[in-house]
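Q: Provided herewith is a single structure, encoded as structure tokens, for subsequent inquiry.
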2 protein chains.
Amino acid sequence: MTHPRTLRVDYDKTTKVLCVVGSELNVKLHRSAPPRSMYFSVKCTPSVQYSISPPSLETSHLSPIPLNGNSVLLISMSRASQHENDSKLSVRYYGKDKEVLGRAVLHLTALEISLDVDADRDGIVEKNNPNKGSWKWGPNGHGAVVLVNCDSERSYGKKPDTEQDYISKVSDLKDMSVMVLRTKGPAKLPEGYKLTMHISQGDAESVRVFRSRSTEVGNNVLSDKLFNHFVKDYPLVLSSESLSQEVPYLGGVEEMNFYVEGLRFPDKDFDGLISINLSLLEPISSVLPETPIFTDKVVFRMAPWIMTPNTLQPVEVFVCSTSDNYQFLKGMKNLVARSGYKLKICHEYMNRGDRWMQDELEFGYIEAPHHRFPVVLDSPRDGDLMDFPYNELLGPDFGYVTRVAQRKDVSSLDSFGNLEVSPPVTVNGKDYPLGRIIIGVAFPTATKGRNMTKVVQDFLWAQKVQEPIALFSDWLVVGHVDEFMSFVPAPDRKGFRLLLASPDAGYKLFRDLQKDGHGQAKLFEGQGDAEPVTLDEVLSDEGFQAENNYVQSCIDWNRDVLKRELGLDDEDIIDLPILFKLEEDRANEYRAAAYYPDMVNMIVLGKNLGIPKPFGPKVNGRCALETEMCSLMEGLGLTCTFIDDFASYHKLLGEVHCGSNVRREPFDFKWWNLEM
Amino acid sequence: MTHPRTLRVDYDKTTKVLCVVGSELNVKLHRSAPPRSMYFSVKCTPSVQYSISPPSLETSHLSPIPLNGNSVLLISMSRASQHENDSKLSVRYYGKDKEVLGRAVLHLTALEISLDVDADRDGIVEKNNPNKGSWKWGPNGHGAVVLVNCDSERSYGKKPDTEQDYISKVSDLKDMSVMVLRTKGPAKLPEGYKLTMHISQGDAESVRVFRSRSTEVGNNVLSDKLFNHFVKDYPLVLSSESLSQEVPYLGGVEEMNFYVEGLRFPDKDFDGLISINLSLLEPISSVLPETPIFTDKVVFRMAPWIMTPNTLQPVEVFVCSTSDNYQFLKGMKNLVARSGYKLKICHEYMNRGDRWMQDELEFGYIEAPHHRFPVVLDSPRDGDLMDFPYNELLGPDFGYVTRVAQRKDVSSLDSFGNLEVSPPVTVNGKDYPLGRIIIGVAFPTATKGRNMTKVVQDFLWAQKVQEPIALFSDWLVVGHVDEFMSFVPAPDRKGFRLLLASPDAGYKLFRDLQKDGHGQAKLFEGQGDAEPVTLDEVLSDEGFQAENNYVQSCIDWNRDVLKRELGLDDEDIIDLPILFKLEEDRANEYRAAAYYPDMVNMIVLGKNLGIPKPFGPKVNGRCALETEMCSLMEGLGLTCTFIDDFASYHKLLGEVHCGSNVRREPFDFKWWNLEM
């Protein structure tokens with residue numbers, strides 16, 4: 001029951017009133033009484049319910065009841081009228097001798113109105129959900145969901161559907177949330193009354209509303225078949241240019257479908273919540289604005305953009321073909337084919353020699369109870385691959401989003417090798433069933449240094465459902481978190497292991513080999529692009545050891561942050577034997593890069609790992625680094641495939657992960673079931 | 001206890017370590033062990049605490065314990081060192097026959113560090129409050145408060161203190177929040193270690209941090225006397241231009257004072273929370289960035305701007321003096337003097353004929369546990385009074401804030417007669433101990449209409465502690481909520497009554513008078529500026545009655561919203577007999593203005609009400625409207641004084657309230673004790 005509406009009633013007049021079922025009218029009897037009224041009585045047709053406040057002691061309201069300054073008549077109706085003015089109520093006023101002083105007559109018409117959404121999140125628009133006007137997180141929560149319509153129904157001459165304010169294909173309706181206006185009442189509204197849908201200026205920046213000119217009875221599942229029965233005409237109702245618009249009242253028992261289209265993702269200045277209102281307006285006169293006498297409100301939350309961790313099932317693997325990466329491509333093709341996934345190759349006309357498929361984009365998805373589709377986040381990196389996400393990925397049911405930064409604010413840390421996501425974790429009792437986003441930045445204490453650009457960071461934080469963690473990655477030449485960390489699935493513990501590059505583990509392995517008499521075994525052997533070097537030489541270089549001590553302390557700093565922010569124990573972490581070297585840049589600053597192919601920079605395809613072939617020292621004819629890697633992974637049931645990326649990636653400061661990207665299945669877990 | 005920090009230890013070396021009391025070091029023993037190590041033992045000086053994980057079964061750690069891949073040594077220190085490296089710990093590694101393979105030695109220095117704030121909100125900076133790093137609303141909440149330093153220490157050549165990034169007067173420190181860096185340890189930090197204070201780019205837009213060059217021992221109450229002992233030199237530590245800066249370590253047991261200065265109020269893009277960090281940095285080498293090995297964080301919330309309702313005690317009353325308002329001014333002077341408050345007159349050289357003191361500004365205040373002062377919100381209305389708030393009000397302990405809107409976006413609804421605040425209320429169990437802000441806008445359903453400008457609305461909503469209510473005021477020519485509503489104190493019920501203008505109450509009163517034979521009594525009698533008119537004439541004008549019915553329905557719409565949003569009953573509302581008339585504007589739209597002086601547009605000074613003299617029909621020699629008004633108010637113990645504002649205000653579409661302003665005492669209730 002909404003709050004009662006104050007109704008003005010004049011005596012000696014007939015007042016025509018439109019009353020919405022479920023609402024109450026409040027008539028201040030004293031205010032509308034003739035002078036010197038002392039008593040009143042009430043009479044009505046059976047379709048009208050009323051009560052008197054303060055309650056009267058008389059058994060019948062047909063005989064005079066004392067009138068006082070606070071006397072209020074509360075009127076309601078429980079059923080829609082079939083005809084205008086088919087219900088009546090009258091109040092008689094009496095003087096002190098119970099002589100009749102006047103009579104106020106109401107002619108009532110009742111209407112059922114509800115603006116409905118899928119507030120219980122089951123994909124069906126239920127009728128008048130009591131919680132439709134608010135939004136609550138969690139499995140016991142409520143509130144409808146709307147998607148940013150960021151895919152493109154057209155494959156040619158395409159642009160995201162949000163960029164056009166009309167519906168050109170009925171298939172586009174699937175990307176929108178259905179909202180149903182259910183009405184019941186006489187064939188038409190009394191003269192001058194109107195239904196109006198309206199939205200605030202702020203919310204109109206985030207959604208548009210279309211409606212269907214035809215009506216659809218009793219079925220809100222939007223099958224293709226049904227669409228074809230539609231008249232292909234969906235007028236725009238609400239937008240930034242039209243914050244309020246009349247909508248037709250169809251008469252009798254009717255449902256009218258509306259389609260709510262999301263226009264932008266949650267961000268620093270948009271918390272994701274949107275209200276849409278429907279009001280019934282009462283006419284006053286042609287020169288005065290109509291008064292809203294009933295308002296129904298529904299609330300939506302814009303679905304966040306969600307990233308997919310390595311533990312989710314792959315769908316497609318993306319790599320670039322370049323003039324010099326035949327060896328790598330062959331390795332990847334074999335791995336992906338063996339794993340049973342689809343390999344998509346971005347050819348040179350499109351990549352223009354830019355092989356860093358990981359860096360230009362990040363795959364994610366958006367989901368509502370009625371629909372879900374992948375969405376690519378395009379990095380402001382904008383290398384020669386810059387057109388790939390828009391030109392090749394955007395399409396029907398494949399969305400696109402980007403954040404535009406000023407050129408001067410973009411650094412290597414804006415490449416999405418520097419944007420990862422953990423598997424689901426629980427931290428001090430708090431669940432992150434969609435994991436946590438991980439990015440790399442400069443030390444917060446640094447007076448200078450590179451950072452991920454603010455517009456992208458703001459976007460990531462605003463999605464809320466995968467609360468980001470900022471690591472320190474500015475110690476690396478390239479500066480990406482995927483140079484020192486990865487996640488692999490595991491059958492035990494938390495369902496995964498965090499892999500960390502570890503110079504200490506590298507030195508430990510090499511020293512053990514040296515002790516065992518393999519000091520003359522060579523790194524980089526059989527590799528045309530680097531001079532082989534013996535273990536003894538590597539281990540005797542004290543400067544090199546100092547550099548690696550520094551790298552280990554940088555990684556340890558991140559290790560401590562990851563343990564704290566992901567709730568990990570040491571047993572959840574595996575140290576991989578990887579050495580780094582420092583390089584001096586133009587500003588005389590030193591930063592690190594992998595000394596031999598950086599095995600942690602791997603591609604994870606289910607239980608198959610595609611790992612940069614490290615070209616480590618051979619022991620008994622087998623690379624000792626590969627042996628160690630396999631031994632660390634096989635306990636988890638994982639298979640290692642070593643891919644030669646030395647010449648075409650490693651020498652250019654990237655590896656397998658940097659040169660590939662994986663689109664994965666979404667989580668089973670629904671983001672709206674998060675407890676926030 | 002913070003999360004342990006991973007410490008790299010090499011065998012056959014001495015590692016010098018700085019350890020912060022209350023933190024833990026985590027040494028992975030396996031990682032730093034010589035090849036083929038099978039056992040280890042640990043020895044340390046009494047100042048060092050350690051534990052072994054997984055726990056060892058041996059009673060003594062001096063004899064060899066089996067080493068496995070997970071062996072971890074956790075080290076902590078409970079007291080600050082007096083000298084560098086005054087504590088020692090060593091680990092011995094053994095082979096399978098328990099022969100010694102190597103030894104790792106740690107030389108430890110312990111430091112106590114805490115960055116402290118007034119997290120328990122008692123005005124004193126306590127030591128290391130466990131909740132200092134987060135903020136929680138409510139009486140059981142915690143978290144420090146910072147004020148926007150929006151007053152001006154200088155009275156001449158003044159500007160808000162936020163506009164200068166240096167401290168020119170020590171009195172300015174009172175407007176800032178003290179933050180204390182407490183340290184205990186050796187006389188100086190080991191070579192290369194540093195303390196650094198840092199802040200994020202976003203937070204630096206909202207605060208600056210200064211420090212005191214001198215130190216202050218054991219007293220954080222900032223008395224004037226103490227200030228004078230200070231060296232008047234407060235270097236800027238953190239700002240938008242300097243996000244990270246080294247701060248001195250003073251050695252021994254020391255406290256250093258910092259001063260946090262708020263720069264901007266919460267707004268749409270600023271939720272009010274700010275973090276300030278202090279890190280201990282470990283040197284690596286001159287060409288590499290130092291690593292933060294310990295970080296302490298404190299959180300502040302920016303104090304919101306708070307409005308004061310009519311039920312709070314007045315301090316000062318402001319009116320304008322113009323060439324034509326002698327009569328009004330005389331009435332106001334008498335009323336204010338009688339009530340015992342201070343009257344401040346804004347003279348013509350400053351007001352330039354603009355008499356609408358209510359409209360140009362709104363008085364409010366900001367409060368922290370250590371300090372509080374009034375702050376004027378300057379309206380973007382910018383009439384001829386526009387310089388008054390800045391030139392006359394801004395000063396020592398009198399703050400100033402404004403929001404700048406584009407000229408085209410500013411309408412009459414931006415005058416602050418359209419910005420009011422309710423007394424404290426409870427709505428459906430939710431407490432609003434500081435009341436709720438009330439503004440007037442167009443109907444949300446309107447396709448056109450005037451609104452309060454977005455920048456001001458965003459500001460008001462962002463303060464959070466007096467959640468605004470939007471009423472419909474665009475039906476009025478001037479469009480201010482103070483034309484149809486006011487609040488007066490009451491001894492019973494909710495402590496106040498809502499007064500509403502009511503044409504129905506007016507008609508009722510006039511009809512009763514007519515019935516009693518006073519139909520020939522005249523309105524406007526004895527008033528030179530309006531033609532007298534009889535009650536009979538007024539009551540027989542059907543068009544006029546229709547206009548007033550419309551006005552009543554507009555007010556009733558607001559009445560319903562106010563009942564719902566303030567949790568009021570009909571008994572909390574008093575209808576005042578006031579009639580309106582409609583006027584046609586240039587766009588052929590009709591809007592309302594008071595027909596006779598609008599009694600609800602009153603000034604409330606404790607129990608004394610200053611009410612526009614209505615010039616109603618005289619009955620037995622006394623104005624019937626005044627009689628009715630007095631009778632309605634006297635039950636509440638309120639005294640009515642009628643002030644003649646007819647010629648100089650009413651005829652210009654304003655009344656007593658529009659022409660005055662009241663600065664009031666702040667609430668006793670502290671805003672941080674709100675349950676949000």
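Every chain in the structure tokens takes a letter, A first, then B, and so on in the order presented; its residues are numbered from 1, and the ligands are numbered from 1 following the presented order.
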Among the residues of region 175-278 of chain A, find those DSSP assigns to strand (DSSP E) from the backbone and print them as a VMD selection string.

A: chain A and resid 177 to 185 194 to 198 207 to 211 236 to 238 244 to 247 252 to 262 273 to 278

Q: Pick out the chain B residues within 6 Å of chain A. Count only C-alpha atoms. Give them as an MDAnalysis selection string.

A: chainID B and resid 6 35 198 244 269 287 445 447 512 556 589

Q: Figure out the distance between CA of Ser275 (chain B) and CA of Arg79 (chain B), please, to one decimal in Å.

A: 27.5 Å

Q: What does the distance between CA of Leu674 (chain B) and CA of Trp137 (chain B) come to in Å, to one decimal place?

A: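 Answer for the CA of Leu674 (chain B) to CA of Trp137 (chain B) separation: 6.0 Å.
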